[in-house]
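J.: So I've got this file, data_15.txt, and it contains compact mmCIF, C-alpha atoms and all ligand atoms:
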# COMPACT_ATOMS: atom_id res chain seq x y z
CA MET S 1 36.13 -8.43 -16.19
CA GLY S 2 35.18 -12.14 -16.42
CA LEU S 3 31.83 -12.83 -18.07
CA GLU S 4 31.09 -15.33 -15.30
CA ARG S 5 31.22 -12.57 -12.66
CA LEU S 6 29.18 -10.22 -14.81
CA ARG S 7 26.46 -12.73 -15.66
CA PRO S 8 24.52 -12.52 -12.34
CA LEU S 9 24.17 -8.76 -12.82
CA LEU S 10 22.80 -9.06 -16.34
CA ARG S 11 19.77 -11.11 -15.32
CA TRP S 12 16.42 -9.54 -16.18
CA SER S 13 15.35 -9.59 -12.52
CA VAL S 14 18.43 -7.52 -11.58
CA LEU S 15 17.91 -5.04 -14.43
CA ARG S 16 14.22 -4.86 -13.43
CA MET S 17 15.45 -3.80 -9.98
CA ALA S 18 16.89 -0.63 -11.46
CA VAL S 19 13.39 0.27 -12.66
CA GLY S 20 12.01 -0.66 -9.24
CA VAL S 21 14.42 1.40 -7.13
CA ARG S 22 11.99 4.28 -6.67
CA HIS S 23 9.26 1.75 -5.88
CA ILE S 24 11.41 0.17 -3.14
CA THR S 25 11.83 3.43 -1.27
CA THR S 26 8.08 4.15 -1.30
CA THR S 27 6.58 0.66 -0.90
CA GLY S 28 9.45 -1.56 0.32
CA GLN S 29 8.88 -3.83 -2.69
CA ILE S 30 10.42 -3.97 -6.15
CA GLY S 31 7.04 -3.68 -7.83
CA ASP S 32 6.74 -6.83 -9.93
CA GLY S 33 5.28 -9.16 -7.28
CA ARG S 34 8.50 -11.06 -6.64
CA GLU S 35 8.15 -10.84 -2.85
CA ALA S 36 4.73 -12.55 -2.84
CA ALA S 37 6.07 -15.03 -5.42
CA LEU S 38 8.88 -15.87 -3.00
CA GLY S 39 6.30 -16.67 -0.30
CA ASP S 40 4.53 -19.09 -2.68
CA TYR S 41 7.85 -20.62 -3.76
CA VAL S 42 8.97 -21.27 -0.18
CA VAL S 43 5.66 -22.92 0.76
CA ALA S 44 5.74 -25.07 -2.39
CA GLU S 45 9.43 -25.99 -2.46
CA ALA S 46 10.94 -25.91 1.04
CA ARG S 47 10.52 -28.66 3.60
CA GLN S 48 8.09 -27.47 6.27
CA GLY S 49 9.76 -26.91 9.65
CA ASP S 50 13.26 -27.14 8.16
CA LEU S 51 15.00 -23.81 8.81
CA ASP S 52 18.11 -24.71 6.79
CA ASP S 53 16.02 -25.76 3.82
CA VAL S 54 13.89 -22.60 3.92
CA ILE S 55 17.03 -20.41 3.95
CA ALA S 56 18.57 -22.43 1.09
CA THR S 57 15.29 -22.22 -0.86
CA ILE S 58 15.21 -18.41 -0.55
CA ASP S 59 18.82 -18.22 -1.77
CA ARG S 60 17.92 -20.48 -4.71
CA PHE S 61 14.99 -18.22 -5.60
CA ALA S 62 17.27 -15.16 -5.46
CA TYR S 63 19.92 -16.77 -7.68
CA GLN S 64 17.64 -18.56 -10.13
CA LYS S 65 14.27 -16.79 -10.21
CA SER S 66 14.31 -13.16 -9.06
CA PHE S 67 17.01 -11.14 -7.36
CA LEU S 68 16.07 -10.18 -3.76
CA ILE S 69 17.49 -7.50 -1.48
CA ASN S 70 18.12 -9.94 1.39
CA VAL S 71 21.42 -9.76 3.25
CA GLY S 72 22.13 -12.89 1.15
CA ASP S 73 24.18 -16.04 1.66
CA LYS S 74 27.70 -14.53 1.78
CA LYS S 75 27.11 -11.43 3.91
CA GLY S 76 24.70 -13.61 5.87
CA GLU S 77 27.68 -15.66 7.07
CA LEU S 78 29.13 -12.50 8.65
CA LEU S 79 25.79 -11.85 10.34
CA ASP S 80 25.60 -15.46 11.57
CA ALA S 81 29.12 -15.28 13.04
CA ALA S 82 28.43 -11.98 14.83
CA ALA S 83 25.17 -13.32 16.28
CA ARG S 84 26.81 -16.57 17.40
CA ARG S 85 29.60 -14.67 19.16
CA ALA S 86 27.06 -12.54 21.02
CA ASP S 87 25.02 -15.60 22.14
CA PRO S 88 21.97 -13.30 22.40
CA ARG S 89 18.63 -13.59 24.18
CA LEU S 90 17.09 -10.54 22.49
CA VAL S 91 17.73 -9.50 18.89
CA LEU S 92 16.32 -6.60 16.87
CA GLU S 93 16.49 -6.32 13.10
CA LEU S 94 15.47 -3.10 11.33
CA GLY S 95 14.20 -3.90 7.82
CA THR S 96 12.44 -7.28 7.56
CA TYR S 97 11.78 -7.48 3.78
CA CYS S 98 10.83 -11.16 3.19
CA GLY S 99 12.12 -12.44 6.53
CA TYR S 100 15.42 -13.91 5.34
CA GLY S 101 17.77 -12.04 7.69
CA ALA S 102 15.57 -12.92 10.67
CA LEU S 103 15.68 -16.60 9.68
CA ARG S 104 19.47 -16.51 9.70
CA LEU S 105 19.42 -14.78 13.10
CA ALA S 106 16.98 -17.38 14.45
CA ARG S 107 19.29 -20.16 13.28
CA ALA S 108 22.48 -18.55 14.64
CA ALA S 109 20.84 -17.66 17.97
CA PRO S 110 18.57 -20.57 18.91
CA GLU S 111 17.94 -19.22 22.43
CA ALA S 112 16.94 -15.74 21.24
CA ARG S 113 13.69 -13.95 20.62
CA ILE S 114 14.00 -12.09 17.33
CA TYR S 115 12.05 -8.90 16.56
CA SER S 116 12.12 -7.29 13.16
CA VAL S 117 10.73 -3.82 12.40
CA GLU S 118 9.36 -3.28 8.90
CA LEU S 119 7.69 -0.28 7.30
CA ALA S 120 5.68 -2.20 4.69
CA GLU S 121 2.74 -4.37 5.80
CA ALA S 122 2.96 -6.36 2.55
CA ASN S 123 6.53 -7.40 3.40
CA ALA S 124 5.51 -8.30 6.95
CA GLU S 125 2.86 -10.65 5.49
CA VAL S 126 5.40 -12.45 3.30
CA ALA S 127 7.89 -12.71 6.16
CA ARG S 128 5.31 -14.13 8.59
CA ARG S 129 4.30 -16.75 6.02
CA VAL S 130 7.94 -17.73 5.49
CA TRP S 131 8.65 -17.90 9.23
CA ALA S 132 5.55 -20.03 9.85
CA HIS S 133 6.68 -22.44 7.14
CA ALA S 134 10.17 -22.60 8.69
CA GLY S 135 8.66 -23.35 12.12
CA VAL S 136 10.09 -20.29 13.90
CA ALA S 137 6.97 -18.11 14.15
CA ASP S 138 6.86 -18.68 17.92
CA ARG S 139 10.10 -16.73 18.44
CA VAL S 140 10.36 -14.40 15.43
CA THR S 141 8.01 -11.40 15.38
CA CYS S 142 7.53 -8.63 12.85
CA VAL S 143 6.52 -5.22 14.20
CA VAL S 144 5.13 -3.00 11.46
CA GLY S 145 6.44 0.52 11.98
CA THR S 146 9.66 2.49 11.99
CA ILE S 147 12.01 3.73 14.71
CA GLY S 148 11.73 7.25 13.27
CA ASP S 149 8.01 7.64 14.09
CA GLY S 150 8.49 9.83 17.14
CA GLY S 151 8.76 6.99 19.65
CA ARG S 152 5.60 4.98 18.86
CA THR S 153 7.44 1.85 17.67
CA LEU S 154 10.10 2.11 20.38
CA ASP S 155 7.32 2.42 22.99
CA ALA S 156 5.55 -0.63 21.53
CA LEU S 157 8.78 -2.66 21.66
CA ALA S 158 9.20 -1.65 25.31
CA ALA S 159 5.60 -2.11 26.43
CA GLU S 160 4.68 -5.24 24.47
CA HIS S 161 7.94 -7.07 23.78
CA GLY S 162 10.25 -6.66 26.77
CA PHE S 163 12.73 -4.13 25.38
CA GLY S 164 14.34 -1.93 28.02
CA PRO S 165 17.64 -0.72 29.46
CA GLY S 166 20.47 -3.22 28.87
CA ARG S 167 18.17 -5.82 27.28
CA LEU S 168 19.20 -5.71 23.62
CA ASP S 169 22.04 -8.09 22.72
CA VAL S 170 22.17 -7.83 18.91
CA LEU S 171 20.94 -5.05 16.62
CA PHE S 172 20.95 -5.63 12.85
CA LEU S 173 20.60 -2.45 10.76
CA ASP S 174 19.36 -3.22 7.25
CA HIS S 175 16.65 -0.67 6.43
CA ASP S 176 16.82 2.99 5.30
CA LYS S 177 20.55 3.71 5.06
CA ASP S 178 19.99 7.37 6.06
CA ALA S 179 18.28 6.24 9.27
CA TYR S 180 21.02 3.88 10.55
CA LEU S 181 22.68 6.51 12.71
CA SER S 182 19.59 8.28 14.03
CA ASP S 183 17.89 4.95 14.86
CA LEU S 184 20.99 3.67 16.66
CA LEU S 185 21.16 6.93 18.62
CA SER S 186 17.48 6.59 19.59
CA MET S 187 18.28 3.20 21.09
CA LEU S 188 21.36 4.52 22.87
CA ASP S 189 19.14 7.28 24.31
CA ARG S 190 16.88 4.61 25.78
CA GLY S 191 19.89 2.70 27.13
CA TRP S 192 18.86 -0.54 25.41
CA LEU S 193 22.43 -1.67 24.60
CA HIS S 194 24.76 -3.09 27.25
CA PRO S 195 28.55 -3.47 27.16
CA GLY S 196 29.12 -6.39 24.78
CA SER S 197 25.98 -5.78 22.67
CA VAL S 198 26.74 -6.13 18.97
CA VAL S 199 25.47 -3.89 16.18
CA VAL S 200 25.76 -5.23 12.61
CA ALA S 201 25.14 -2.85 9.70
CA ASP S 202 24.67 -4.06 6.12
CA ASN S 203 25.16 -2.00 2.91
CA VAL S 204 27.55 0.49 4.47
CA ARG S 205 29.31 0.87 1.12
CA LEU S 206 26.47 -0.01 -1.28
CA PRO S 207 24.18 1.88 -1.45
CA GLY S 208 26.13 3.39 1.46
CA ALA S 209 25.67 4.77 4.97
CA PRO S 210 28.45 7.39 5.14
CA LYS S 211 27.21 9.20 8.27
CA TYR S 212 26.97 5.91 10.13
CA ARG S 213 30.44 4.84 9.03
CA ALA S 214 31.93 8.21 10.05
CA TYR S 215 30.25 7.94 13.46
CA MET S 216 31.67 4.46 14.06
CA ARG S 217 35.14 5.66 13.04
CA GLU S 218 34.85 8.60 15.41
CA GLN S 219 33.68 6.32 18.25
CA GLN S 220 36.39 3.71 17.71
CA GLY S 221 37.67 2.62 21.14
CA LYS S 222 35.27 5.02 22.86
CA LEU S 223 31.61 3.92 22.71
CA PHE S 224 32.16 1.20 20.11
CA ASP S 225 34.83 -1.14 18.81
CA THR S 226 34.18 -1.70 15.10
CA VAL S 227 35.43 -4.17 12.51
CA GLU S 228 34.75 -3.30 8.87
CA HIS S 229 34.19 -6.49 6.88
CA LYS S 230 35.03 -6.03 3.19
CA THR S 231 32.58 -8.09 1.16
CA HIS S 232 30.31 -7.79 -1.87
CA ALA S 233 26.64 -7.05 -2.42
CA GLU S 234 24.20 -9.92 -2.25
CA TYR S 235 23.89 -12.70 -4.84
CA GLN S 236 26.86 -11.68 -7.04
CA THR S 237 30.59 -11.05 -6.58
CA LEU S 238 31.22 -7.92 -8.63
CA LEU S 239 29.90 -5.03 -6.57
CA PRO S 240 31.86 -4.34 -3.37
CA ASP S 241 30.08 -3.68 -0.10
CA LEU S 242 30.94 -3.30 3.58
CA VAL S 243 29.36 -4.87 6.65
CA LEU S 244 30.23 -3.16 9.94
CA GLU S 245 30.27 -5.15 13.16
CA SER S 246 30.45 -2.92 16.23
CA ARG S 247 30.73 -4.02 19.83
CA TYR S 248 29.26 -1.57 22.32
CA LEU S 249 31.77 -0.69 25.02
CA GLY S 250 29.40 1.31 27.22
CA GLU S 251 29.84 4.84 28.55
CA GLN S 252 33.47 5.20 29.71
CA THR S 253 33.76 6.87 33.11
C1 LIG C 301 17.37 -4.52 2.48
S1 LIG C 301 15.74 -4.87 2.94
C2 LIG C 301 15.95 -5.81 4.40
C3 LIG C 301 16.48 -7.19 4.15
C4 LIG C 301 16.43 -8.09 5.35
N1 LIG C 301 17.11 -7.52 6.48
C5 LIG C 301 17.05 -9.42 5.03
O1 LIG C 301 18.25 -9.58 5.16
O2 LIG C 301 16.31 -10.33 4.64
C6 LIG C 301 15.18 -3.33 3.56
C7 LIG C 301 13.78 -3.34 4.15
O3 LIG C 301 13.67 -2.22 5.01
C8 LIG C 301 12.37 -1.69 4.93
N2 LIG C 301 12.47 -0.30 5.39
C9 LIG C 301 12.92 0.78 4.71
N3 LIG C 301 12.95 1.87 5.50
C10 LIG C 301 12.54 1.45 6.72
C11 LIG C 301 12.39 2.09 7.98
N4 LIG C 301 12.68 3.39 8.14
N5 LIG C 301 11.96 1.35 9.03
C12 LIG C 301 11.67 0.03 8.87
N6 LIG C 301 11.79 -0.62 7.70
C13 LIG C 301 12.23 0.07 6.65
C14 LIG C 301 11.99 -1.86 3.48
O4 LIG C 301 10.59 -1.84 3.33
C15 LIG C 301 12.63 -3.21 3.15
O5 LIG C 301 11.71 -4.24 3.38
Starting from the file, give its structure as structure tokens.
Ligand SMILES: C[S@@+](CC[C@H](N)C(=O)[O-])C[C@H]1O[C@@H](n2cnc3c(N)ncnc32)[C@H](O)[C@@H]1O

T.:
Amino acid sequence: MGLERLRPLLRWSVLRMAVGVRHITTTGQIGDGREAALGDYVVAEARQGDLDDVIATIDRFAYQKSFLINVGDKKGELLDAAARRADPRLVLELGTYCGYGALRLARAAPEARIYSVELAEANAEVARRVWAHAGVADRVTCVVGTIGDGGRTLDALAAEHGFGPGRLDVLFLDHDKDAYLSDLLSMLDRGWLHPGSVVVADNVRLPGAPKYRAYMREQQGKLFDTVEHKTHAEYQTLLPDLVLESRYLGEQT
């Protein structure tokens, strides 16, 4: 194994992540203040109103300062391409973190309104600060909540943000890996997808979403048409990962 490929994984901020894993699942943050530090860094270093520069600045922070659990620059290209192909008007991301994925979606889909659901208020605050600095706060909105809260967040998306049958063009799953399938099914129950809607799922191999992957395999050519993109986890090239891109085919009659 080349030292060059190993080096990004041996950084203190990556090793610190291992300590923070339990913290992430309870608070949505790694536990050493890096998310708030990213907000400060973006405001200090990135050109205000320059979406490209804000995205590049976040990637620089993740490579050079502290590792972040964003979709990242390489898997982000897969997300961009899927969003561009869908040419969406309404996009929903599950799992906002510091707002990076939503920035990429806003850039790839300039006509779209982007909503991002996040469990942790502290992450929502960082993301809103980053989006305001990038100049996209008028069309990117964080909703604090979770799809698994018995319908409260889904109802809020419907009542306050225009979600409804056939309205959702792109869904990006990047939150609790065990909730990918149940949250997708909740949206199918409400009929929010339409034939041609695209669902992108990150981290299907690492840390892994096996139930979701099995569902998409079972539904191949029926409800969904899925491409499995072989890639690697964010901000390094050593650890393999999978991004699934699934086109909704609609109920076959
Ligand atoms: C991998 S990060 C998201 C990265 C983001 N999509 C990006 O590319 O910049 C996962 C985020 O999901 C949030 N999260 C975890 N479980 C969640 C749930 N059930 N509903 C909403 N957000 C959740 C965490 O707090 C964390 O901020």

J.: For ligand LIG 301 (chain C), collect every residue having any atom at a distance of at most 8 Å from a ligand atom (counting all atoms listed in the file); output as a PyMOL selection string.

T.: chain S and resi 24-29+69-72+76+93-102+117-120+123+144-148+172-177+179

J.: Write to file, as a PDB file, in the coordinates of the input, the residues of the selection just made, with C-alpha atoms.

T.:
ATOM      1  CA  ILE S  24      11.410   0.170  -3.140  1.00  0.00           C
ATOM      2  CA  THR S  25      11.830   3.430  -1.270  1.00  0.00           C
ATOM      3  CA  THR S  26       8.080   4.150  -1.300  1.00  0.00           C
ATOM      4  CA  THR S  27       6.580   0.660  -0.900  1.00  0.00           C
ATOM      5  CA  GLY S  28       9.450  -1.560   0.320  1.00  0.00           C
ATOM      6  CA  GLN S  29       8.880  -3.830  -2.690  1.00  0.00           C
ATOM      7  CA  ILE S  69      17.490  -7.500  -1.480  1.00  0.00           C
ATOM      8  CA  ASN S  70      18.120  -9.940   1.390  1.00  0.00           C
ATOM      9  CA  VAL S  71      21.420  -9.760   3.250  1.00  0.00           C
ATOM     10  CA  GLY S  72      22.130 -12.890   1.150  1.00  0.00           C
ATOM     11  CA  GLY S  76      24.700 -13.610   5.870  1.00  0.00           C
ATOM     12  CA  GLU S  93      16.490  -6.320  13.100  1.00  0.00           C
ATOM     13  CA  LEU S  94      15.470  -3.100  11.330  1.00  0.00           C
ATOM     14  CA  GLY S  95      14.200  -3.900   7.820  1.00  0.00           C
ATOM     15  CA  THR S  96      12.440  -7.280   7.560  1.00  0.00           C
ATOM     16  CA  TYR S  97      11.780  -7.480   3.780  1.00  0.00           C
ATOM     17  CA  CYS S  98      10.830 -11.160   3.190  1.00  0.00           C
ATOM     18  CA  GLY S  99      12.120 -12.440   6.530  1.00  0.00           C
ATOM     19  CA  TYR S 100      15.420 -13.910   5.340  1.00  0.00           C
ATOM     20  CA  GLY S 101      17.770 -12.040   7.690  1.00  0.00           C
ATOM     21  CA  ALA S 102      15.570 -12.920  10.670  1.00  0.00           C
ATOM     22  CA  VAL S 117      10.730  -3.820  12.400  1.00  0.00           C
ATOM     23  CA  GLU S 118       9.360  -3.280   8.900  1.00  0.00           C
ATOM     24  CA  LEU S 119       7.690  -0.280   7.300  1.00  0.00           C
ATOM     25  CA  ALA S 120       5.680  -2.200   4.690  1.00  0.00           C
ATOM     26  CA  ASN S 123       6.530  -7.400   3.400  1.00  0.00           C
ATOM     27  CA  VAL S 144       5.130  -3.000  11.460  1.00  0.00           C
ATOM     28  CA  GLY S 145       6.440   0.520  11.980  1.00  0.00           C
ATOM     29  CA  THR S 146       9.660   2.490  11.990  1.00  0.00           C
ATOM     30  CA  ILE S 147      12.010   3.730  14.710  1.00  0.00           C
ATOM     31  CA  GLY S 148      11.730   7.250  13.270  1.00  0.00           C
ATOM     32  CA  PHE S 172      20.950  -5.630  12.850  1.00  0.00           C
ATOM     33  CA  LEU S 173      20.600  -2.450  10.760  1.00  0.00           C
ATOM     34  CA  ASP S 174      19.360  -3.220   7.250  1.00  0.00           C
ATOM     35  CA  HIS S 175      16.650  -0.670   6.430  1.00  0.00           C
ATOM     36  CA  ASP S 176      16.820   2.990   5.300  1.00  0.00           C
ATOM     37  CA  LYS S 177      20.550   3.710   5.060  1.00  0.00           C
ATOM     38  CA  ALA S 179      18.280   6.240   9.270  1.00  0.00           C
TER      39      ALA S 179
END

J.: Find the distance between atom CA of Asp50 of chain S and atom CA of Lys75 of chain S and write it in Å to one decimal.

T.: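 The value is 21.4 Å.
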
J.: Mind checking which residues fall within 8 Å of Asp80 of chain S, counting all atoms listed in the file, ignoring those fewer than 3 positions away in the same chain, and posting them as number ranges by chain?

T.: S: 76-77, 83-84, 104-105, 108

J.: Which residue, S:Gln220, S:Ser13, S:Thr226, S:Ser116, has the smallest gap to Ser66 of chain S when you use only C-alpha atoms?

T.: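 Under the stated criterion, the closest residue is S:Ser13.
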
J.: Nearest residue to Val43 of chain S out of S:Ala86, S:Leu10, S:Ala127, S:Ala62, using only C-alpha atoms?

T.: S:Ala127

J.: Quick one: of S:Leu90, S:Ala156, S:Val126, S:Leu103, who's nearest to Trp192 of chain S, counting only C-alpha atoms?

T.: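 Of all the options, S:Leu90 lies closest to Trp192 of chain S.
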
J.: Can you tell me how far atom CA of His161 of chain S sits from atom CA of Gln48 of chain S, in Å to one decimal?

T.: 26.9 Å

J.: Would you pick out the contacts of Leu184 of chain S at 12 Å or less, using only C-alpha atoms, so that residues sharing its chain but fewer than 2 positions from it are not included, and give the list as a VMD selection string?

T.: chain S and resid 92 to 94 147 to 148 154 168 170 to 175 177 to 182 186 to 193 198 to 201 211 to 212 215 to 216 224 246 248

J.: Using all atoms of segment 168-175 of chain S listed in the file and a margin of 4 Å per side, can you give the axis-aligned box centre and edge lengths in Å to one decimal, as AutoDock Vina command-line options?

T.:
--center_x 19.4 --center_y -4.4 --center_z 15.0 --size_x 13.5 --size_y 15.4 --size_z 25.2

J.: Using only C-alpha atoms, which of the listed residues (S:Val143, S:Ala124, S:Leu157, S:Leu78) sits closest to Thr231 of chain S?

T.: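 Smallest separation from Thr231 of chain S among the options: S:Leu78.
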
J.: Work out how far atom CA of Ala46 of chain S is from atom CA of His133 of chain S, in Å to one decimal.

T.: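 Atom-to-atom, atom CA of His133 of chain S to atom CA of Ala46 of chain S, that is 8.2 Å.
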
J.: Using only C-alpha atoms, pick whichever of S:Val42, S:Leu68, S:Met17, S:Ile114 has the shortest atom-to-atom distance to Ala56 of chain S.

T.: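 For Ala56 of chain S, the nearest of the given residues is S:Val42.
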
J.: Nearest residue to Leu51 of chain S out of S:Ala122, S:Gly31, S:Val136, S:Pro88, using all atoms listed in the file?

T.: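 That would be S:Val136, the residue with the smallest distance to Leu51 of chain S.
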